[in-house]
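One file, start.txt, is given below (compact mmCIF, C-alpha atoms).
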# COMPACT_ATOMS: atom_id res chain seq x y z
CA MET A 137 -14.19 16.61 -30.61
CA ASN A 138 -12.53 15.57 -27.35
CA ALA A 139 -10.61 17.18 -24.50
CA THR A 140 -7.30 16.85 -26.33
CA SER A 141 -8.55 18.73 -29.39
CA ALA A 142 -10.05 21.44 -27.18
CA LEU A 143 -6.77 21.87 -25.30
CA ILE A 144 -4.77 22.17 -28.54
CA LEU A 145 -7.13 24.82 -29.91
CA LEU A 146 -6.98 26.71 -26.61
CA ALA A 147 -3.16 26.56 -26.69
CA LEU A 148 -3.12 28.09 -30.19
CA PHE A 149 -5.39 30.91 -29.07
CA VAL A 150 -3.39 31.61 -25.90
CA TRP A 151 -0.18 31.66 -27.92
CA GLY A 152 -1.75 34.23 -30.20
CA LEU A 153 -2.58 36.36 -27.17
CA CYS A 154 0.81 36.35 -25.48
CA ALA A 155 3.43 35.30 -28.05
CA GLN A 156 5.18 38.67 -28.00
CA ARG A 157 5.25 38.75 -24.23
CA VAL A 158 6.60 35.20 -23.93
CA ALA A 159 9.31 36.02 -26.47
CA ARG A 160 10.88 38.47 -24.01
CA ALA A 161 11.91 35.44 -21.96
CA GLU A 162 13.63 33.95 -25.06
CA LEU A 163 10.90 31.29 -25.35
CA THR A 164 10.22 30.63 -29.02
CA ALA A 165 7.15 28.89 -30.40
CA PRO A 166 9.01 25.58 -30.96
CA VAL A 167 10.17 25.49 -27.32
CA VAL A 168 6.68 26.21 -25.97
CA PHE A 169 4.87 23.68 -28.14
CA VAL A 170 7.46 20.93 -27.69
CA LEU A 171 7.03 21.33 -23.92
CA LEU A 172 3.25 21.27 -24.33
CA GLY A 173 3.55 18.10 -26.39
CA LEU A 174 5.66 16.44 -23.69
CA LEU A 175 3.04 17.32 -21.09
CA MET A 176 0.29 15.92 -23.29
CA HIS A 177 2.30 12.74 -23.76
CA GLN A 178 2.06 12.17 -20.02
CA GLY A 179 -1.71 12.03 -20.36
CA VAL A 180 -2.57 14.69 -17.79
CA GLY A 181 -6.22 14.36 -16.79
CA PRO A 182 -8.50 13.62 -19.75
CA VAL A 183 -5.79 14.49 -22.27
CA ASP A 184 -4.59 11.61 -24.42
CA LEU A 185 -2.79 12.53 -27.64
CA ALA A 186 -2.49 9.45 -29.83
CA PRO A 187 -2.95 10.48 -33.48
CA SER A 188 -3.29 7.87 -36.17
CA ALA A 189 -0.43 7.20 -38.56
CA SER A 190 -2.41 8.60 -41.47
CA ALA A 191 -3.21 11.81 -39.56
CA VAL A 192 0.46 12.37 -38.72
CA LYS A 193 1.55 11.80 -42.31
CA THR A 194 -1.17 14.07 -43.71
CA LEU A 195 -0.23 16.88 -41.33
CA ALA A 196 3.46 16.53 -42.21
CA GLU A 197 2.77 16.52 -45.96
CA ILE A 198 0.47 19.56 -45.90
CA THR A 199 2.78 21.56 -43.66
CA LEU A 200 5.88 20.86 -45.74
CA THR A 201 3.98 21.64 -48.94
CA TRP A 202 2.83 25.05 -47.71
CA VAL A 203 6.24 25.88 -46.26
CA LEU A 204 8.10 24.94 -49.44
CA PHE A 205 5.69 26.85 -51.66
CA THR A 206 5.48 30.06 -49.62
CA ASP A 207 9.21 30.27 -48.90
CA ALA A 208 9.99 29.86 -52.59
CA ALA A 209 7.25 32.22 -53.79
CA ARG A 210 8.46 34.97 -51.46
CA LEU A 211 11.85 35.04 -53.17
CA SER A 212 12.35 38.20 -55.22
CA VAL A 213 15.08 37.88 -57.81
CA PRO A 214 15.75 41.66 -58.08
CA SER A 215 15.99 42.00 -54.30
CA VAL A 216 18.57 39.22 -53.88
CA ARG A 217 20.62 40.08 -56.96
CA ALA A 218 23.08 42.20 -55.00
CA ASP A 219 24.02 39.24 -52.78
CA VAL A 220 23.32 36.40 -55.19
CA ARG A 221 26.92 35.17 -54.93
CA LEU A 222 26.64 34.95 -51.16
CA TYR A 223 23.43 32.91 -51.39
CA ALA A 224 24.94 30.74 -54.12
CA ARG A 225 27.90 29.99 -51.85
CA LEU A 226 25.65 28.99 -48.94
CA LEU A 227 23.22 26.91 -51.00
CA GLY A 228 25.46 25.66 -53.82
CA VAL A 229 28.61 24.93 -51.81
CA GLY A 230 27.80 24.94 -48.11
CA LEU A 231 24.62 22.85 -48.28
CA PRO A 232 26.01 19.96 -50.39
CA LEU A 233 29.13 19.89 -48.19
CA CYS A 234 26.91 19.78 -45.11
CA ILE A 235 24.89 16.87 -46.51
CA GLY A 236 28.02 14.99 -47.52
CA LEU A 237 29.88 15.59 -44.26
CA GLY A 238 26.77 14.70 -42.26
CA ALA A 239 26.36 11.44 -44.19
CA LEU A 240 30.04 10.52 -43.73
CA LEU A 241 29.87 11.22 -40.01
CA ALA A 242 26.68 9.15 -39.68
CA GLY A 243 28.36 6.23 -41.43
CA ALA A 244 31.40 6.50 -39.16
CA LEU A 245 29.60 6.94 -35.82
CA LEU A 246 26.71 4.61 -36.61
CA PRO A 247 28.39 1.68 -38.39
CA HIS A 248 25.18 -0.32 -38.83
CA LEU A 249 23.71 2.34 -41.12
CA SER A 250 23.57 1.61 -44.82
CA PHE A 251 24.65 4.15 -47.43
CA TRP A 252 21.06 5.30 -47.93
CA ALA A 253 20.36 5.58 -44.21
CA ALA A 254 23.50 7.67 -43.72
CA LEU A 255 22.48 9.89 -46.64
CA TYR A 256 19.04 10.32 -45.08
CA VAL A 257 20.55 11.48 -41.78
CA GLY A 258 22.87 13.93 -43.53
CA ALA A 259 20.13 15.34 -45.77
CA ALA A 260 17.38 15.46 -43.13
CA LEU A 261 19.61 17.49 -40.80
CA ALA A 262 21.01 19.86 -43.43
CA PRO A 263 18.07 22.33 -43.70
CA THR A 264 18.04 25.20 -41.23
CA ASP A 265 15.15 27.01 -39.54
CA ALA A 266 15.63 30.70 -38.77
CA ALA A 267 12.59 30.63 -36.45
CA LEU A 268 14.68 28.94 -33.76
CA GLY A 269 16.90 32.04 -33.68
CA ALA A 270 13.97 34.43 -33.65
CA SER A 271 15.42 36.99 -31.26
CA MET A 272 18.60 37.24 -33.35
CA MET A 273 16.59 37.67 -36.55
CA ALA A 274 14.63 40.54 -34.96
CA ASN A 275 17.66 42.22 -33.40
CA PRO A 276 18.78 45.34 -35.33
CA VAL A 277 22.25 45.17 -33.82
CA VAL A 278 22.97 42.39 -36.33
CA PRO A 279 23.50 43.87 -39.81
CA ALA A 280 20.50 43.49 -42.09
CA ARG A 281 22.64 41.82 -44.75
CA ILE A 282 23.66 39.01 -42.38
CA ARG A 283 20.13 38.47 -41.11
CA ARG A 284 18.89 38.42 -44.70
CA ALA A 285 21.51 35.86 -45.73
CA ILE A 286 20.54 33.55 -42.86
CA ASN A 287 16.86 34.02 -43.68
CA VAL A 288 17.21 33.37 -47.43
CA GLU A 289 19.33 30.29 -46.78
CA SER A 290 16.78 29.00 -44.26
CA GLY A 291 13.90 29.60 -46.63
CA LEU A 292 15.43 27.74 -49.58
CA ASN A 293 17.67 24.99 -48.24
CA ASP A 294 14.76 22.76 -47.20
CA GLY A 295 13.61 22.72 -50.83
CA VAL A 296 17.12 21.91 -52.04
CA ALA A 297 17.58 19.14 -49.46
CA THR A 298 14.19 17.51 -50.08
CA PRO A 299 15.27 15.54 -53.21
CA PHE A 300 18.15 13.99 -51.25
CA VAL A 301 15.78 12.97 -48.46
CA VAL A 302 13.33 11.48 -50.96
CA LEU A 303 16.07 9.49 -52.70
CA ALA A 304 17.43 8.25 -49.37
CA LEU A 305 14.02 7.13 -48.10
CA ALA A 306 13.43 5.28 -51.39
CA GLY A 307 16.81 3.60 -51.06
CA ILE A 308 16.12 2.49 -47.48
CA ALA A 309 12.69 1.15 -48.44
CA ALA A 310 14.15 -0.71 -51.42
CA GLU A 311 16.78 -2.37 -49.22
CA ALA A 312 14.08 -3.54 -46.84
CA SER A 313 11.62 -4.80 -49.46
CA GLY A 314 14.03 -6.17 -52.05
CA ALA A 315 13.83 -5.98 -55.82
CA GLY A 316 10.08 -5.43 -55.83
CA HIS A 317 10.48 -1.79 -54.81
CA GLU A 318 11.15 0.84 -57.47
CA GLY A 319 14.00 2.25 -55.36
CA PRO A 320 16.11 5.38 -55.96
CA ALA A 321 15.80 5.15 -59.76
CA GLY A 322 12.04 5.44 -59.57
CA ALA A 323 12.33 8.23 -56.99
CA LEU A 324 14.71 10.13 -59.29
CA LEU A 325 12.17 9.93 -62.11
CA ASP A 326 9.50 11.21 -59.72
CA LEU A 327 11.74 14.15 -58.81
CA LEU A 328 12.31 15.08 -62.46
CA ILE A 329 8.58 14.94 -63.19
CA GLY A 330 7.86 17.07 -60.12
CA LEU A 331 10.51 19.61 -61.12
CA ALA A 332 9.22 20.05 -64.68
CA TYR A 333 5.55 20.00 -63.76
CA GLY A 334 5.90 22.35 -60.79
CA THR A 335 7.85 24.89 -62.84
CA ALA A 336 5.29 24.91 -65.66
CA LEU A 337 2.35 25.09 -63.25
CA GLY A 338 3.86 27.99 -61.31
CA LEU A 339 4.62 30.06 -64.40
CA VAL A 340 1.15 29.57 -65.87
CA THR A 341 -0.83 30.14 -62.67
CA GLY A 342 1.33 33.10 -61.61
CA ARG A 343 0.72 34.89 -64.89
CA LEU A 344 -2.98 34.00 -64.81
CA LEU A 345 -3.47 35.46 -61.33
CA HIS A 346 -1.40 38.52 -62.16
CA ALA A 347 -3.48 39.18 -65.29
CA ALA A 348 -6.78 38.49 -63.53
CA LEU A 349 -6.00 40.97 -60.76
CA ARG A 350 -4.82 43.62 -63.23
CA ARG A 351 -8.02 43.34 -65.26
CA GLY A 352 -10.26 43.31 -62.22
CA TRP A 353 -11.54 39.78 -62.74
CA ALA A 354 -10.28 38.42 -59.42
CA ALA A 355 -11.18 39.64 -55.92
CA GLU A 356 -8.11 40.60 -53.90
CA ASP A 357 -9.82 39.43 -50.71
CA PHE A 358 -9.91 35.86 -52.03
CA ALA A 359 -6.52 35.81 -53.76
CA GLY A 360 -4.77 34.55 -50.62
CA ALA A 361 -7.11 31.56 -50.33
CA ALA A 362 -6.59 30.87 -54.03
CA VAL A 363 -2.81 30.77 -53.55
CA LEU A 364 -3.25 28.45 -50.57
CA ALA A 365 -5.27 26.09 -52.75
CA LEU A 366 -2.67 26.34 -55.53
CA ALA A 367 0.08 25.19 -53.17
CA LEU A 368 -1.88 22.07 -52.24
CA PHE A 369 -2.93 21.52 -55.86
CA SER A 370 0.70 21.56 -56.97
CA TYR A 371 1.41 18.70 -54.56
CA THR A 372 -1.67 16.55 -55.16
CA SER A 373 -1.70 16.92 -58.96
CA ALA A 374 2.02 16.14 -59.18
CA VAL A 375 1.46 12.94 -57.20
CA LEU A 376 -1.40 11.98 -59.52
CA LEU A 377 0.94 12.47 -62.50
CA GLY A 378 3.58 10.26 -60.92
CA GLY A 379 5.84 13.09 -59.77
CA ASN A 380 7.18 14.11 -56.39
CA GLY A 381 4.74 16.52 -54.76
CA PHE A 382 7.25 18.28 -52.50
CA VAL A 383 9.60 19.19 -55.34
CA ALA A 384 6.61 20.25 -57.44
CA ALA A 385 5.39 22.55 -54.63
CA PHE A 386 8.84 24.13 -54.23
CA MET A 387 9.35 24.69 -57.95
CA CYS A 388 5.77 25.91 -58.36
CA GLY A 389 6.42 28.50 -55.65
CA LEU A 390 9.66 29.66 -57.30
CA ALA A 391 8.01 29.95 -60.71
CA PHE A 392 4.90 31.59 -59.26
CA GLY A 393 7.04 34.28 -57.65
CA ALA A 394 9.11 34.69 -60.82
CA ALA A 395 5.93 35.26 -62.81
CA HIS A 396 5.39 38.37 -60.69
CA ARG A 397 8.98 39.44 -61.47
CA ARG A 398 9.51 40.81 -57.95
CA GLY A 399 8.18 37.85 -56.05
CA ALA A 400 4.58 37.27 -55.10
CA PRO A 401 3.13 40.24 -53.19
CA ARG A 402 3.01 39.78 -49.42
CA TRP A 403 -0.78 40.03 -49.27
CA GLN A 404 -1.14 37.14 -51.70
CA LEU A 405 0.99 34.85 -49.53
CA SER A 406 0.01 36.05 -46.05
CA PHE A 407 -2.98 33.69 -45.76
CA ALA A 408 -0.91 30.67 -46.81
CA GLU A 409 1.96 31.71 -44.52
CA GLN A 410 -0.36 32.06 -41.54
CA SER A 411 -1.93 28.69 -42.28
CA ALA A 412 1.51 27.11 -42.53
CA ALA A 413 2.50 28.77 -39.24
CA VAL A 414 -0.48 27.22 -37.44
CA LEU A 415 0.30 23.77 -38.81
CA SER A 416 3.98 24.17 -37.93
CA LEU A 417 2.98 24.68 -34.29
CA LEU A 418 0.99 21.45 -34.44
CA VAL A 419 4.05 19.69 -35.92
CA TRP A 420 6.17 20.90 -33.01
CA LEU A 421 3.50 19.70 -30.60
CA LEU A 422 3.50 16.24 -32.22
CA PHE A 423 7.29 16.27 -32.07
CA GLY A 424 7.11 16.66 -28.30
CA ALA A 425 4.20 14.29 -27.78
CA VAL A 426 4.94 11.48 -30.25
CA VAL A 427 8.38 11.62 -31.87
CA LEU A 428 10.49 12.77 -28.92
CA PRO A 429 9.41 10.06 -26.43
CA GLU A 430 9.81 7.35 -29.07
CA GLY A 431 13.23 8.67 -30.04
CA PHE A 432 14.42 8.69 -26.44
CA ARG A 433 13.57 5.02 -26.08
CA HIS A 434 16.22 4.15 -28.65
CA LEU A 435 18.74 6.89 -27.88
CA SER A 436 22.46 6.04 -27.79
CA TRP A 437 25.64 7.89 -26.97
CA GLN A 438 26.53 7.82 -30.65
CA ALA A 439 23.33 9.72 -31.47
CA VAL A 440 24.10 12.34 -28.81
CA LEU A 441 27.66 12.77 -30.07
CA TYR A 442 26.38 13.06 -33.64
CA ALA A 443 23.90 15.73 -32.57
CA VAL A 444 26.66 17.83 -31.00
CA LEU A 445 28.90 17.50 -34.05
CA SER A 446 26.01 18.13 -36.44
CA LEU A 447 25.27 21.50 -34.85
CA THR A 448 28.93 22.50 -34.78
CA ALA A 449 31.51 20.97 -37.13
CA VAL A 450 29.09 19.49 -39.70
CA ARG A 451 27.39 22.87 -40.12
CA MET A 452 30.17 25.36 -39.42
CA VAL A 453 33.02 23.83 -41.43
CA PRO A 454 31.03 23.79 -44.71
CA VAL A 455 29.89 27.37 -44.10
CA LEU A 456 33.48 28.49 -43.46
CA VAL A 457 34.59 26.78 -46.68
CA ALA A 458 31.68 28.25 -48.65
CA LEU A 459 32.41 31.79 -47.45
CA LEU A 460 36.14 31.74 -48.22
CA GLY A 461 36.83 34.71 -50.49
CA SER A 462 33.37 36.19 -49.92
CA GLY A 463 34.72 39.28 -48.16
CA LEU A 464 33.14 38.32 -44.83
CA ASP A 465 35.49 38.07 -41.87
CA ARG A 466 35.96 34.84 -39.94
CA GLY A 467 33.83 36.03 -37.02
CA THR A 468 30.89 36.68 -39.32
CA ALA A 469 31.35 33.32 -41.03
CA LEU A 470 31.32 31.59 -37.64
CA PHE A 471 28.23 33.57 -36.65
CA VAL A 472 26.39 32.50 -39.81
CA GLY A 473 27.63 28.94 -39.30
CA TRP A 474 26.33 28.71 -35.76
CA PHE A 475 22.91 30.10 -36.66
CA GLY A 476 21.91 27.09 -38.67
CA PRO A 477 19.27 25.66 -36.31
CA ARG A 478 17.68 22.35 -37.21
CA GLY A 479 13.96 22.78 -37.02
CA LEU A 480 10.66 22.28 -38.80
CA ALA A 481 11.90 20.62 -42.01
CA SER A 482 13.99 18.07 -40.07
CA VAL A 483 11.02 17.28 -37.81
CA ILE A 484 8.77 16.70 -40.83
CA PHE A 485 11.41 14.50 -42.47
CA ALA A 486 11.52 12.48 -39.24
CA LEU A 487 7.73 12.13 -39.24
CA LEU A 488 7.83 10.97 -42.86
CA ALA A 489 10.52 8.40 -42.01
CA VAL A 490 8.41 7.06 -39.12
CA GLU A 491 5.41 6.62 -41.41
CA GLU A 492 7.16 5.40 -44.59
CA LEU A 493 9.85 3.07 -43.24
CA ALA A 494 9.64 -0.24 -41.44
CA PRO A 495 9.92 0.15 -37.64
CA ASP A 496 13.43 -1.33 -37.51
CA ALA A 497 14.67 0.98 -40.26
CA ALA A 498 13.06 4.04 -38.66
CA ARG A 499 14.62 3.25 -35.28
CA GLU A 500 18.08 3.42 -36.85
CA VAL A 501 17.76 7.00 -38.11
CA VAL A 502 14.94 8.83 -36.33
CA PRO A 503 16.59 9.02 -32.86
CA VAL A 504 19.57 10.83 -34.39
CA VAL A 505 17.31 13.42 -36.00
CA VAL A 506 15.23 13.77 -32.83
CA CYS A 507 18.25 14.31 -30.60
CA THR A 508 19.80 16.87 -32.96
CA VAL A 509 16.59 18.89 -33.30
CA LEU A 510 15.96 18.88 -29.54
CA LEU A 511 19.50 20.02 -28.82
CA SER A 512 19.15 22.72 -31.47
CA VAL A 513 15.86 23.98 -30.01
CA VAL A 514 17.51 24.42 -26.61
CA ALA A 515 20.97 25.62 -27.70
CA HIS A 516 19.87 28.11 -30.34
CA GLY A 517 16.96 29.31 -28.25
CA LEU A 518 19.29 30.14 -25.35
CA THR A 519 22.13 31.65 -27.38
CA SER A 520 20.17 33.60 -29.99
CA GLY A 521 19.89 36.84 -28.01
CA PRO A 522 23.26 36.87 -26.20
CA LEU A 523 25.32 35.97 -29.27
CA ALA A 524 23.52 38.57 -31.39
CA GLU A 525 24.37 41.25 -28.82
CA ARG A 526 27.97 40.10 -28.59
CA TYR A 527 28.37 39.99 -32.35
CA GLY A 528 26.85 43.46 -32.75
CA LYS A 529 29.09 44.97 -30.08
CA ARG A 530 32.18 43.34 -31.55
CA ARG A 531 31.46 44.84 -34.95
CA GLY A 532 30.55 48.34 -33.73
CA ASP A 533 30.92 49.65 -37.24
CA GLY A 534 27.57 51.32 -37.70
CA THR A 535 26.37 48.87 -40.32
CA ALA A 536 23.66 47.48 -38.09
CA GLY A 537 20.11 48.59 -38.41
CA PRO A 538 16.58 47.42 -39.01
CA ALA A 539 16.07 45.10 -41.94
CA GLN A 540 14.21 47.57 -44.08
CA GLY A 541 14.31 48.50 -47.69
CA PRO A 542 14.32 46.38 -50.83
CA GLY A 543 15.01 42.74 -50.23
CA ALA A 544 15.08 42.98 -46.46
CA GLY A 545 12.14 40.73 -45.84
CA GLU A 546 11.67 38.63 -48.94
CA LEU A 547 11.29 35.53 -46.81
CA PRO A 548 9.23 35.14 -43.63
CA VAL A 549 10.70 33.78 -40.43
CA ARG A 550 8.22 31.17 -39.29
CA GLY A 551 7.31 31.69 -35.68
CA LEU A 552 9.17 34.99 -35.44
CA THR A 553 7.72 36.67 -32.38
CA ALA A 554 10.75 38.13 -30.70
CA ARG A 555 11.12 41.88 -30.74
CA PRO A 556 14.32 43.91 -30.81
CA PRO A 557 15.78 44.59 -27.35
CA ARG A 558 14.46 47.61 -25.55
CA GLY A 559 16.30 50.82 -26.14
CA ARG A 560 17.08 50.08 -29.78

Please, can you express the file's structure as structure tokens?
Amino acid sequence: MNATSALILLALFVWGLCAQRVARAELTAPVVFVLLGLLMHQGVGPVDLAPSASAVKTLAEITLTWVLFTDAARLSVPSVRADVRLYARLLGVGLPLCIGLGALLAGALLPHLSFWAALYVGAALAPTDAALGASMMANPVVPARIRRAINVESGLNDGVATPFVVLALAGIAAEASGAGHEGPAGALLDLLIGLAYGTALGLVTGRLLHAALRRGWAAEDFAGAAVLALALFSYTSAVLLGGNGFVAAFMCGLAFGAAHRRGAPRWQLSFAEQSAAVLSLLVWLLFGAVVLPEGFRHLSWQAVLYAVLSLTAVRMVPVLVALLGSGLDRGTALFVGWFGPRGLASVIFALLAVEELAPDAAREVVPVVVCTVLLSVVAHGLTSGPLAERYGKRRGDGTAGPAQGPGAGELPVRGLTARPPRGR
């Protein structure tokens, strides 16, 4: 234990003490911990944050596993049935278009990128993170249906994008190492194994836990820890079987929630969600201390331009196309399109690229992801509150209100600490 570890633990405790208070100033957890990471990078006093490559990769893998599992397990099929077409549009039409458009733009702006590198950039920056728009997600002036749509999309699109990221990383590695690498074909087989195994594991374990609790065999106080262990087991066992652990964790979470018919109860997932929240703060800290400085060293004007377009046209055009004929007006579609912050999943994908790719290959793609995420943290953090108020006032139709009732909170907003504005 050194001074750096002590400072990180103190920062987590202090954040727990004053998170709600800090949120009044529109400072979200990602902003605070990225800034803390930047300060630690400067090596103030005895602080020297220089984690090993294996430690960074382990943290990224565990965090993504818990996030994928808990987000998927929270999903309640009955609660989302009323808006299933809306979610299908965002995830089945908008997300693939976003990945494709992002990859095309990367290939055009960054001509030295290979097909697989361009696909990685498009896929790594497609997932959204509702936590970066925390004050909007907590603001009752925005209709509950719209907040719920943004939240469901944010909770599931990282799981949908993960296979594309895995295939792209395998393709980049194969290009660098030659014919000796298994390449995308091997990665595709891993994905299929992970999908089948994760689904079977989730269904079996979900029914087992449900039956054990009903018969009084299991202690409710320990059920949360058991679910936390299951999430990690789904990843590690899938890897041992030759499958992709991330896809297995996501599918295990979906099947685990389906086994409960109405999604896994909140108390079963709360321990895993809180654990994932703590690790996500550490990921943001590493982003500021390790990834951000390295990304800035290789930053280019093309990466900056891509970041701007990624947060606007690459996100908003696919959402507008996906929501055509949905019954939502253009203003609402633009609102949903803008609130697609790039956050935790993109940061973890960047960390994985740093650790899995050769340095030259990582330098081609990581700065683009870093610049986009940093711009998103700032832009969405600053505009979350004001745009929510403006959107609510423009509607003025009485449909706004707290997100309560069935289906209102089937997915958590990681890092959500903002409270509704006073007087509401």

Under the rule of at most 12 Å, produce a per-residue listing of segment 201-254 of chain A near segment 364-373 of chain A: chain, number, name, the closest pair of atoms, and the distance in Å, as CSV, using only C-alpha atoms.
residue,atom,partner,partner_atom,distance
A:Thr201,CA,A:Leu368,CA,6.7
A:Trp202,CA,A:Ala367,CA,6.1
A:Val203,CA,A:Ala367,CA,9.3
A:Leu204,CA,A:Ala367,CA,8.8
A:Phe205,CA,A:Ala367,CA,6.0
A:Thr206,CA,A:Ala367,CA,8.1
A:Asp207,CA,A:Ala367,CA,11.3
A:Ala208,CA,A:Ala367,CA,11.0
A:Ala209,CA,A:Ala367,CA,10.1

With only C-alpha atoms as the counted atoms, please give the residues lying no more than 8 Å from segment 524-531 of chain A, apart from itself and same-chain residues fewer than 4 positions off, as a PyMOL selection string. chain A and resi 272+275+277-279+471+520+536

Pick the closest to Ser436 of chain A from A:Leu245, A:Phe382, A:Phe423, A:Met452: which is it, counting all atoms listed in the file? A:Leu245

Kindly give the distance, in Å, that separates atom CA of Ala285 of chain A and atom CA of Leu523 of chain A, rounded to a single decimal. 16.9 Å

Considering all atoms listed in the file, state which residue in the set A:Val450, A:Gly258, A:Phe358, A:Leu376 is at the smallest distance from Phe407 of chain A. A:Phe358

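You will find atom CA of Phe300 of chain A at 21.7 Å from atom CA of Val192 of chain A.
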
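Distances to Lys193 of chain A were evaluated for A:Pro429, A:Leu148, A:Val472, A:Leu422 using all atoms listed in the file, and the minimum falls at A:Leu422.
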
Coordinates-based distance that separates atom CA of Val502 of chain A from atom CA of Phe169 of chain A (Å, one decimal): 19.7 Å

Which polymer residues, whether protein, DNA or RNA, lie within 12 Å of the coordinate (23.4, 14.5, -28.8) when you count only C-alpha atoms? List them as an mmCIF file with C-alpha atoms, in the coordinates of the input, using the chain letters and numbers from the file.
data_model
loop_
_atom_site.group_PDB
_atom_site.id
_atom_site.type_symbol
_atom_site.label_atom_id
_atom_site.label_comp_id
_atom_site.auth_asym_id
_atom_site.auth_seq_id
_atom_site.Cartn_x
_atom_site.Cartn_y
_atom_site.Cartn_z
ATOM 1 C CA GLY A 431 13.230 8.670 -30.040
ATOM 2 C CA PHE A 432 14.420 8.690 -26.440
ATOM 3 C CA LEU A 435 18.740 6.890 -27.880
ATOM 4 C CA SER A 436 22.460 6.040 -27.790
ATOM 5 C CA TRP A 437 25.640 7.890 -26.970
ATOM 6 C CA GLN A 438 26.530 7.820 -30.650
ATOM 7 C CA ALA A 439 23.330 9.720 -31.470
ATOM 8 C CA VAL A 440 24.100 12.340 -28.810
ATOM 9 C CA LEU A 441 27.660 12.770 -30.070
ATOM 10 C CA TYR A 442 26.380 13.060 -33.640
ATOM 11 C CA ALA A 443 23.900 15.730 -32.570
ATOM 12 C CA VAL A 444 26.660 17.830 -31.000
ATOM 13 C CA LEU A 445 28.900 17.500 -34.050
ATOM 14 C CA SER A 446 26.010 18.130 -36.440
ATOM 15 C CA LEU A 447 25.270 21.500 -34.850
ATOM 16 C CA THR A 448 28.930 22.500 -34.780
ATOM 17 C CA PRO A 503 16.590 9.020 -32.860
ATOM 18 C CA VAL A 504 19.570 10.830 -34.390
ATOM 19 C CA VAL A 505 17.310 13.420 -36.000
ATOM 20 C CA VAL A 506 15.230 13.770 -32.830
ATOM 21 C CA CYS A 507 18.250 14.310 -30.600
ATOM 22 C CA THR A 508 19.800 16.870 -32.960
ATOM 23 C CA VAL A 509 16.590 18.890 -33.300
ATOM 24 C CA LEU A 510 15.960 18.880 -29.540
ATOM 25 C CA LEU A 511 19.500 20.020 -28.820
ATOM 26 C CA SER A 512 19.150 22.720 -31.470
ATOM 27 C CA VAL A 514 17.510 24.420 -26.610
ATOM 28 C CA ALA A 515 20.970 25.620 -27.700
#

For Pro299 of chain A, the nearest of the candidates A:Leu222, A:Leu328, A:Val513, A:Cys388, counting all atoms listed in the file: A:Leu328

Given only C-alpha atoms as the counted atoms, nearest of A:Glu356, A:Asp496, A:Glu197, A:Glu430 to Val375 of chain A: A:Glu197

Residues near Ile484 of chain A, anyone? I mean within 10 Å using all atoms listed in the file, not counting same-chain ones fewer than 2 positions away, as an MDAnalysis selection string. chainID A and resid 192:193 195:197 199:200 260 416 419:420 423 479:482 486:490

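Of the residues under consideration (A:Ala332, A:Leu459, A:Gly307, A:Ser271), A:Gly307 shows the shortest atom-to-atom contact distance to Pro320 of chain A when counting only C-alpha atoms.
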
Residues near Gly152 of chain A, cut-off 12 Å, all atoms listed in the file, skip fewer than 3 positions along chain, as a CSV table (one decimal) with C-alpha atoms, in the frame of the given file:
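As written to disk, around_37.csv reads:
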chain,number,residue,atom,x,y,z
A,145,LEU,CA,-7.1,24.8,-29.9
A,146,LEU,CA,-7.0,26.7,-26.6
A,147,ALA,CA,-3.2,26.6,-26.7
A,148,LEU,CA,-3.1,28.1,-30.2
A,149,PHE,CA,-5.4,30.9,-29.1
A,155,ALA,CA,3.4,35.3,-28.0
A,156,GLN,CA,5.2,38.7,-28.0
A,157,ARG,CA,5.2,38.8,-24.2
A,158,VAL,CA,6.6,35.2,-23.9
A,159,ALA,CA,9.3,36.0,-26.5
A,165,ALA,CA,7.2,28.9,-30.4
A,410,GLN,CA,-0.4,32.1,-41.5
A,413,ALA,CA,2.5,28.8,-39.2
A,414,VAL,CA,-0.5,27.2,-37.4
A,417,LEU,CA,3.0,24.7,-34.3
A,551,GLY,CA,7.3,31.7,-35.7
A,553,THR,CA,7.7,36.7,-32.4
